[in-house]
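Here the structure is laid out as structure tokens; the discussion comes afterwards.
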Amino acid sequence: MDGPLLQLRGIGKNFGPVQALSGIDLDVPAGQVTALVGDNGAGKSTLIKTISGIWEPSHGQIIWQGQTAHFKTPRDATDAGIATVYQDLALCDNLDIVENMLLGHEVRRHLLLDEVSMETTAKQTLSDLRVTTVRNIRQPVGSLSGGQRQAVAVAKAVMLDAKLVIMDEPTAALGVSQTALVLDLIGRLARRGIGVVVVSHNLTDVFQVADRLAVLYLGRLVSTGPASEYDTASAVDLMTTGTSRRTGRADNGARIPDSGREG
Amino acid sequence: MTSTNPAPEKGEITADNGTDTPADIAVRTGAPAELMANSIGEYLRIWVKQIRSGESGALPVIIGLVVIVIFFQIKSSAFLSAGNLVNLMTQAAFIITLGMAEVFVLLLGEIDLAAGFTAACGAVIALYLVAKNYPWWVAILACLAATGLYGAVQGLIITRLRLPSFVVTLAGYLFLSGALLFLINSTGQIGNGGVIRLNSNVLNDIEAGALSASASWIVMILLVLLAGVMMYLRDHRRRSNGLVAPPLSVTLLKVAAIAVAGIVVVLVGNSNRGTLFLAVRGLPWVVLVVLAVLVIYSTLLSRTRFGRYIYAIGGNAEAARRAGVNTNRIKVAAFALCGMTAGITGIIYSSYLGSISSGVNGGANVLNAVAAAVIGGTSLFGGRGKMLDALLGGLVVGVIANGLQLLGLTASAQLMWTALVLVAAVTVDALTRRGRSTV
């Protein structure tokens, strides 16, 4: 693919007099994991909600696959191929895996639900993502572990032909082994050519999975670049003070020109 | 039930380890037994394990029903007579259909307290029209349209103004109990003395009439065959698409169970319950009406998008909304269906009484209906339940009322016993559920 999947140009968001985001320029390439990090209140959630159509930006433009996009509702973003997996996962515990994965996109045959084709699709997606050992995809989601629930939520996003998957704190509520499973899944999404944006507090997880890092500080993007050019110490500096002497990559809103290269 | 899980293999979302039997897995995961079993023996083993761990389905209420029936039979040998059992079917029918009305809204985590009076007002409309010599089907259509519309109005108030259904339908209860008096008084001569007589043989025959004995058999055989063919075709389609399907033996077992239930009902209906000189045989029409409503509504809930969204909203309304479901529209439709089903109840109820009066206890009726659904296993908190629950629970409520009447006990005893059974049913449900969460 030529050019990044998603480009943000000068994105700003005001809530009345409060400026939550200002001047965000960010490129999200396909097939890579971009980690969005920052301290509480840095604007991570505001930014992903802007991308996913919960609200529109006050300034700047969103360029999706080379074209200016206006996402007025979450549905617009989903239809364009941007799927957001929120922290609460938005699953119905009383429905089974297939029912959850196809919720809102049920397949019908003579007016009735076509369970066979829905189950086949869901099964195919899960096995593509190698979520293989959920023994029965007809079990209620309420009976799954945290990692499995995350996997179902991600599979649901992938099945709707998402080209960009945004994940909000995907490992926040998980134990060690479940975290490993989810990080693995994130890596696999990227290898399938899907762009992934991961919002996380956990720098250990971030460095394990991210190809690129984007650091937010007080509503500004203070640094962005390949993850290999950061370490935990410099990332913490950037997150807490907006600057770091340890890398010399960026300071106070100055954006390092980056153009979807490296690999 | 707890077994040590080995560290999951990298790259795999592990649901189980290799040493578990299908039964263990089915119990732990809540997967349907018939999809986990490879043979009939395994199916039964999984079933027993699931019951023990609280995933019991309809079994507790069926066992409860059998226990209550045995108790009444010991107390009064007339209880299991054909005549009384047919009585029971005709008595329980309106509780069952009103329970089905409530299932629509209970699944959303809502309630409709007005449904008892919706039924009564619908009956007034139908009976007034047949008294005015309109055809019976016009009366039914008008009744269902009016009650469905009323339900939709309640749903609109609840969703648009975001008010709790408890309060809105409580207001509806008061309003309709007044409207019932107003409507009957407005009919003038027809509703003289606060009672409108049912002036239609067709409507009267819903409860009073019966199929001929041979027709009863033919209908029941056709229904069982239809159920069997549908189940077989569904399994066949799953299997030919490479999906797990229940083993043939399990499906046959289910069909056999349905057949036995059908045969028993027809045998009861067909035995002579008349006098020495005038034989009365055959299945009451109302049984077919209730079965038809059950099949249509069950299909609606389990096989259509609308039904799926009702469960989704009851489970996690926010998730449904984010999946693009128009939750308000689904809720209004559910309340409309609840109202319309109350209308069906009104017709059955007036057919049972042969009239409708201003003294209808719409409050007790609706609470009995909610009790029936809950006894059958439908949750008051939404997301869990089936139409069949209203049938089974309605039979329990009906059996208690009928049995205590037979023993000559008063209404006070009936109400208190029904209350105890309701508490017992909810307790059993809560305890088994608590048991499961520790597995």
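Chain lettering (A, B, ...) mirrors the order of the structure tokens, residue numbering begins at 1 for each chain separately, and ligand numbering begins at 1 in order of display.
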
Looking only at strand (DSSP E or B) from DSSP on the backbone, list the matching residues of segment 44-121 of chain A as a list in words. His59, Gly60, Gln61, Ile62, Ile63, Trp64, Gln67, Thr68, Ala69, Ile82, Ala83, Thr84, Val85, Asp96, Arg108, Arg109, Leu112 and Leu113 of chain A

Next, write the just-selected residues to a file, as an mmCIF file, in the first residue's frame, keeping C-alpha atoms as the atom set.
data_model
loop_
_atom_site.group_PDB
_atom_site.id
_atom_site.type_symbol
_atom_site.label_atom_id
_atom_site.label_comp_id
_atom_site.auth_asym_id
_atom_site.auth_seq_id
_atom_site.Cartn_x
_atom_site.Cartn_y
_atom_site.Cartn_z
ATOM 1 C CA HIS A 59 -10.031 21.349 13.842
ATOM 2 C CA GLY A 60 -7.991 19.495 11.290
ATOM 3 C CA GLN A 61 -8.821 16.638 9.022
ATOM 4 C CA ILE A 62 -8.898 12.869 9.042
ATOM 5 C CA ILE A 63 -7.546 11.343 5.865
ATOM 6 C CA TRP A 64 -8.647 7.748 5.506
ATOM 7 C CA GLN A 67 -9.289 10.649 1.153
ATOM 8 C CA THR A 68 -10.669 13.185 3.564
ATOM 9 C CA ALA A 69 -13.252 11.519 5.766
ATOM 10 C CA ILE A 82 -12.400 1.341 11.375
ATOM 11 C CA ALA A 83 -13.374 -0.955 14.237
ATOM 12 C CA THR A 84 -12.921 0.089 17.838
ATOM 13 C CA VAL A 85 -12.683 -2.433 20.642
ATOM 14 C CA ASP A 96 -22.968 -17.237 22.475
ATOM 15 C CA ARG A 108 -30.876 -14.388 6.952
ATOM 16 C CA ARG A 109 -32.328 -17.075 4.769
ATOM 17 C CA LEU A 112 -35.176 -16.585 9.402
ATOM 18 C CA LEU A 113 -31.657 -16.431 10.780
#

If you count only C-alpha atoms, which residues fall within 7 Å of Gly109 of chain B, apart from same-chain ones fewer than 6 positions away, as a ChimeraX atom specification? /B:314,380-382

Check which residues of chain A sit at most 9 Å from chain B using only C-alpha atoms, and return one row each with the closest pair of atoms and their distance in Å to one decimal, ordered by chain and rising number, as a tab-separated table.
residue	atom	partner	partner_atom	distance
A:Pro74	CA	B:Arg322	CA	7.8
A:Arg75	CA	B:Gly324	CA	7.0
A:Leu89	CA	B:Ala319	CA	8.1
A:Ala90	CA	B:Ala319	CA	4.3
A:Leu91	CA	B:Ala319	CA	5.8
A:Cys92	CA	B:Asn316	CA	5.1
A:Asp93	CA	B:Gly315	CA	6.2
A:Asn94	CA	B:Gly315	CA	5.6
A:Leu95	CA	B:Ala312	CA	7.0
A:Asp96	CA	B:Ala31	CA	8.7
A:Glu99	CA	B:Arg308	CA	8.1
A:Asn100	CA	B:Ala312	CA	8.5
A:Leu102	CA	B:Ala323	CA	8.9
A:Leu103	CA	B:Ala323	CA	6.1
A:Gly104	CA	B:Ala323	CA	5.1
A:His105	CA	B:Ala323	CA	8.1
A:Glu106	CA	B:Arg305	CA	6.9
A:Val107	CA	B:Arg305	CA	8.8
A:Arg108	CA	B:Thr304	CA	8.1
A:Leu111	CA	B:Thr304	CA	7.2
A:Leu112	CA	B:Thr304	CA	5.1
A:Leu113	CA	B:Arg303	CA	5.3
A:Asp114	CA	B:Arg303	CA	8.3
A:Glu115	CA	B:Arg303	CA	8.5
A:Val116	CA	B:Arg238	CA	6.0
A:Ser117	CA	B:Asn241	CA	8.4
A:Glu119	CA	B:Leu243	CA	8.0
A:Thr120	CA	B:Leu243	CA	7.5
A:Arg130	CA	B:Glu12	CA	6.5
A:Val131	CA	B:Ile13	CA	5.3
A:Thr132	CA	B:Glu12	CA	6.1
A:Thr133	CA	B:Thr14	CA	5.2
A:Val134	CA	B:Ala15	CA	4.9
A:Arg135	CA	B:Ala15	CA	6.3
A:Asn136	CA	B:Ala31	CA	6.6
A:Ile137	CA	B:Ala31	CA	8.2
A:Arg138	CA	B:Ala31	CA	6.0
A:Gln139	CA	B:Ala31	CA	4.3
A:Pro140	CA	B:Gly30	CA	6.6
A:Val141	CA	B:Thr29	CA	9.0
A:Gly142	CA	B:Thr29	CA	8.8
A:Ser143	CA	B:Thr29	CA	5.4
A:Leu144	CA	B:Thr29	CA	7.3
A:Ser145	CA	B:Ala15	CA	8.3
A:Gly147	CA	B:Ile13	CA	7.5
A:Gln148	CA	B:Ile13	CA	6.2
A:Ala151	CA	B:Ile13	CA	7.9
A:Ser177	CA	B:Pro8	CA	7.4
A:Gln178	CA	B:Ile13	CA	8.3
A:Ala180	CA	B:Lys10	CA	7.7
A:Leu181	CA	B:Gly11	CA	6.0
A:Val182	CA	B:Ile13	CA	8.7
A:Asp184	CA	B:Gly11	CA	6.1
A:Leu185	CA	B:Gly11	CA	7.2

Output the selection as a compact mmCIF listing (two decimals), in the first residue's frame - N, CA and C atoms for each residue.
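Listing of out14.txt after writing:
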# COMPACT_ATOMS: atom_id res chain seq x y z
N PRO A 74 -20.41 6.55 14.99
CA PRO A 74 -19.56 5.35 15.04
C PRO A 74 -19.83 4.43 13.86
N ARG A 75 -21.09 4.42 13.43
CA ARG A 75 -21.47 3.54 12.33
C ARG A 75 -20.73 3.93 11.04
N LEU A 89 -15.51 -3.99 25.97
CA LEU A 89 -15.66 -5.02 24.95
C LEU A 89 -17.03 -5.06 24.29
N ALA A 90 -18.05 -4.54 24.95
CA ALA A 90 -19.40 -4.52 24.36
C ALA A 90 -19.85 -5.89 23.88
N LEU A 91 -19.77 -6.86 24.76
CA LEU A 91 -20.28 -8.20 24.44
C LEU A 91 -21.52 -8.47 25.28
N CYS A 92 -22.42 -9.30 24.75
CA CYS A 92 -23.59 -9.72 25.52
C CYS A 92 -23.29 -11.08 26.15
N ASP A 93 -23.20 -11.09 27.47
CA ASP A 93 -22.83 -12.33 28.16
C ASP A 93 -23.81 -13.46 27.91
N ASN A 94 -25.08 -13.11 27.68
CA ASN A 94 -26.08 -14.16 27.52
C ASN A 94 -26.11 -14.75 26.12
N LEU A 95 -25.42 -14.11 25.18
CA LEU A 95 -25.38 -14.65 23.82
C LEU A 95 -24.10 -15.47 23.63
N ASP A 96 -24.16 -16.42 22.68
CA ASP A 96 -22.97 -17.24 22.48
C ASP A 96 -21.97 -16.52 21.56
N GLU A 99 -23.28 -15.60 18.07
CA GLU A 99 -24.30 -14.55 18.15
C GLU A 99 -23.67 -13.19 18.42
N ASN A 100 -22.66 -13.18 19.29
CA ASN A 100 -21.97 -11.93 19.58
C ASN A 100 -21.19 -11.42 18.38
N LEU A 102 -21.70 -11.82 15.28
CA LEU A 102 -22.52 -11.34 14.16
C LEU A 102 -23.62 -10.37 14.59
N LEU A 103 -23.55 -9.92 15.84
CA LEU A 103 -24.61 -9.02 16.32
C LEU A 103 -24.67 -7.77 15.45
N GLY A 104 -25.87 -7.49 14.96
CA GLY A 104 -26.05 -6.33 14.08
C GLY A 104 -25.75 -6.63 12.63
N HIS A 105 -25.21 -7.81 12.35
CA HIS A 105 -24.88 -8.19 10.96
C HIS A 105 -25.35 -9.60 10.68
N GLU A 106 -26.50 -9.96 11.24
CA GLU A 106 -27.00 -11.31 11.08
C GLU A 106 -27.29 -11.64 9.61
N VAL A 107 -27.05 -12.90 9.28
CA VAL A 107 -27.35 -13.38 7.94
C VAL A 107 -28.71 -14.05 7.97
N ARG A 108 -29.55 -13.78 6.95
CA ARG A 108 -30.88 -14.39 6.95
C ARG A 108 -31.09 -15.24 5.71
N LEU A 111 -36.10 -15.12 5.53
CA LEU A 111 -36.55 -14.33 6.68
C LEU A 111 -36.02 -14.81 8.03
N LEU A 112 -35.67 -16.10 8.12
CA LEU A 112 -35.18 -16.58 9.40
C LEU A 112 -33.66 -16.48 9.43
N LEU A 113 -33.11 -16.52 10.64
CA LEU A 113 -31.66 -16.43 10.78
C LEU A 113 -31.00 -17.67 10.18
N ASP A 114 -29.92 -17.44 9.44
CA ASP A 114 -29.19 -18.56 8.86
C ASP A 114 -28.03 -18.92 9.78
N GLU A 115 -28.34 -19.76 10.78
CA GLU A 115 -27.33 -20.09 11.79
C GLU A 115 -26.14 -20.80 11.17
N VAL A 116 -26.41 -21.64 10.17
CA VAL A 116 -25.32 -22.42 9.59
C VAL A 116 -24.28 -21.50 8.95
N SER A 117 -24.74 -20.55 8.15
CA SER A 117 -23.76 -19.71 7.48
C SER A 117 -23.07 -18.77 8.47
N GLU A 119 -22.46 -19.45 11.65
CA GLU A 119 -21.49 -20.21 12.44
C GLU A 119 -20.26 -20.51 11.60
N THR A 120 -20.47 -20.81 10.29
CA THR A 120 -19.34 -21.09 9.42
C THR A 120 -18.42 -19.87 9.31
N ARG A 130 -6.33 -17.89 14.45
CA ARG A 130 -5.83 -19.00 15.25
C ARG A 130 -6.33 -18.96 16.69
N VAL A 131 -7.54 -18.52 16.87
CA VAL A 131 -8.22 -18.67 18.15
C VAL A 131 -8.88 -20.04 18.05
N THR A 132 -8.08 -21.09 18.21
CA THR A 132 -8.52 -22.40 17.75
C THR A 132 -9.19 -23.24 18.80
N THR A 133 -8.79 -23.11 20.03
CA THR A 133 -9.22 -24.13 20.98
C THR A 133 -10.44 -23.76 21.81
N VAL A 134 -11.13 -22.69 21.43
CA VAL A 134 -12.45 -22.52 22.01
C VAL A 134 -13.26 -23.70 21.49
N ARG A 135 -13.49 -24.66 22.36
CA ARG A 135 -13.97 -25.96 21.91
C ARG A 135 -15.33 -25.85 21.23
N ASN A 136 -16.15 -24.99 21.80
CA ASN A 136 -17.49 -24.87 21.22
C ASN A 136 -17.85 -23.41 21.07
N ILE A 137 -18.05 -22.97 19.83
CA ILE A 137 -18.34 -21.55 19.64
C ILE A 137 -19.82 -21.26 19.89
N ARG A 138 -20.53 -22.25 20.42
CA ARG A 138 -21.91 -22.02 20.82
C ARG A 138 -22.02 -21.84 22.32
N GLN A 139 -20.90 -21.58 23.00
CA GLN A 139 -21.01 -21.36 24.44
C GLN A 139 -21.22 -19.88 24.70
N PRO A 140 -21.97 -19.54 25.78
CA PRO A 140 -22.22 -18.13 26.06
C PRO A 140 -20.91 -17.41 26.36
N VAL A 141 -20.82 -16.16 25.92
CA VAL A 141 -19.61 -15.39 26.12
C VAL A 141 -19.34 -15.17 27.61
N GLY A 142 -20.40 -15.17 28.42
CA GLY A 142 -20.23 -15.01 29.85
C GLY A 142 -19.36 -16.09 30.48
N SER A 143 -19.21 -17.24 29.80
CA SER A 143 -18.44 -18.33 30.39
C SER A 143 -16.97 -18.28 29.96
N LEU A 144 -16.58 -17.26 29.20
CA LEU A 144 -15.20 -17.22 28.69
C LEU A 144 -14.29 -16.47 29.66
N SER A 145 -12.97 -16.72 29.50
CA SER A 145 -11.99 -15.98 30.29
C SER A 145 -11.79 -14.60 29.67
N GLY A 147 -9.18 -13.13 28.42
CA GLY A 147 -8.45 -13.13 27.15
C GLY A 147 -9.31 -13.61 26.01
N GLN A 148 -10.11 -14.63 26.29
CA GLN A 148 -10.99 -15.17 25.26
C GLN A 148 -12.04 -14.15 24.86
N ALA A 151 -10.50 -11.78 22.64
CA ALA A 151 -10.31 -12.40 21.33
C ALA A 151 -11.61 -12.37 20.53
N SER A 177 -0.82 -14.83 31.57
CA SER A 177 -0.92 -15.70 30.40
C SER A 177 -1.96 -15.18 29.42
N GLN A 178 -3.05 -14.61 29.95
CA GLN A 178 -4.08 -14.06 29.08
C GLN A 178 -3.53 -12.87 28.30
N ALA A 180 -0.46 -12.46 27.36
CA ALA A 180 0.39 -12.99 26.29
C ALA A 180 -0.46 -13.39 25.08
N LEU A 181 -1.59 -14.01 25.35
CA LEU A 181 -2.46 -14.43 24.26
C LEU A 181 -2.95 -13.23 23.44
N VAL A 182 -3.35 -12.18 24.17
CA VAL A 182 -3.91 -11.02 23.47
C VAL A 182 -2.82 -10.30 22.69
N ASP A 184 -0.22 -11.59 21.41
CA ASP A 184 0.03 -12.44 20.26
C ASP A 184 -1.00 -12.20 19.16
N LEU A 185 -2.24 -12.08 19.60
CA LEU A 185 -3.33 -11.83 18.66
C LEU A 185 -3.15 -10.49 17.96

Identify, on the basis of only C-alpha atoms, every residue whose closest approach to Ala210 of chain A does not exceed 6 Å; exclude the query and any residue fewer than 4 positions from it along the same chain; express the result as a PDB file with N, CA and C atoms, in the first residue's frame.
ATOM      1  N   VAL A  33       1.626  -2.164  14.222  1.00  0.00           N
ATOM      2  CA  VAL A  33       0.964  -1.844  15.480  1.00  0.00           C
ATOM      3  C   VAL A  33       1.472  -0.492  15.956  1.00  0.00           C
ATOM      4  N   THR A  34       0.575   0.464  16.056  1.00  0.00           N
ATOM      5  CA  THR A  34       0.934   1.780  16.577  1.00  0.00           C
ATOM      6  C   THR A  34       0.413   1.871  18.004  1.00  0.00           C
ATOM      7  N   ALA A  35       1.323   2.094  18.938  1.00  0.00           N
ATOM      8  CA  ALA A  35       0.897   2.216  20.325  1.00  0.00           C
ATOM      9  C   ALA A  35       0.724   3.683  20.663  1.00  0.00           C
ATOM     10  N   VAL A 206       3.477  -2.627  25.653  1.00  0.00           N
ATOM     11  CA  VAL A 206       3.643  -1.788  24.469  1.00  0.00           C
ATOM     12  C   VAL A 206       4.925  -2.157  23.733  1.00  0.00           C
TER      13      VAL A 206
END

Find the residues near Ile186 of chain A: any atom within 8 Å, counting only C-alpha atoms, skip ones fewer than 3 places away on the same chain, and give them as a ChimeraX atom specification. /A:33,182-183,189-190,196,209

Considering only C-alpha atoms, state which residue in the set A:Met167, A:Val197, A:Ala80, A:Ala235 is at the smallest distance from Leu216 of chain A. A:Ala235

To one decimal place in Å, what is the distance between atom CA of Leu160 of chain A and atom CA of Gly193 of chain A? 14.7 Å

For Cys121 of chain B, list every protein, DNA or RNA residue within 9 Å, evaluated using only C-alpha atoms, and leave out those in the same chain fewer than 2 positions away; present the list as an NGL selection string. :B and (116-119 or 123-126 or 143 or 147 or 176-177 or 179-180 or 183-184 or 343 or 346)
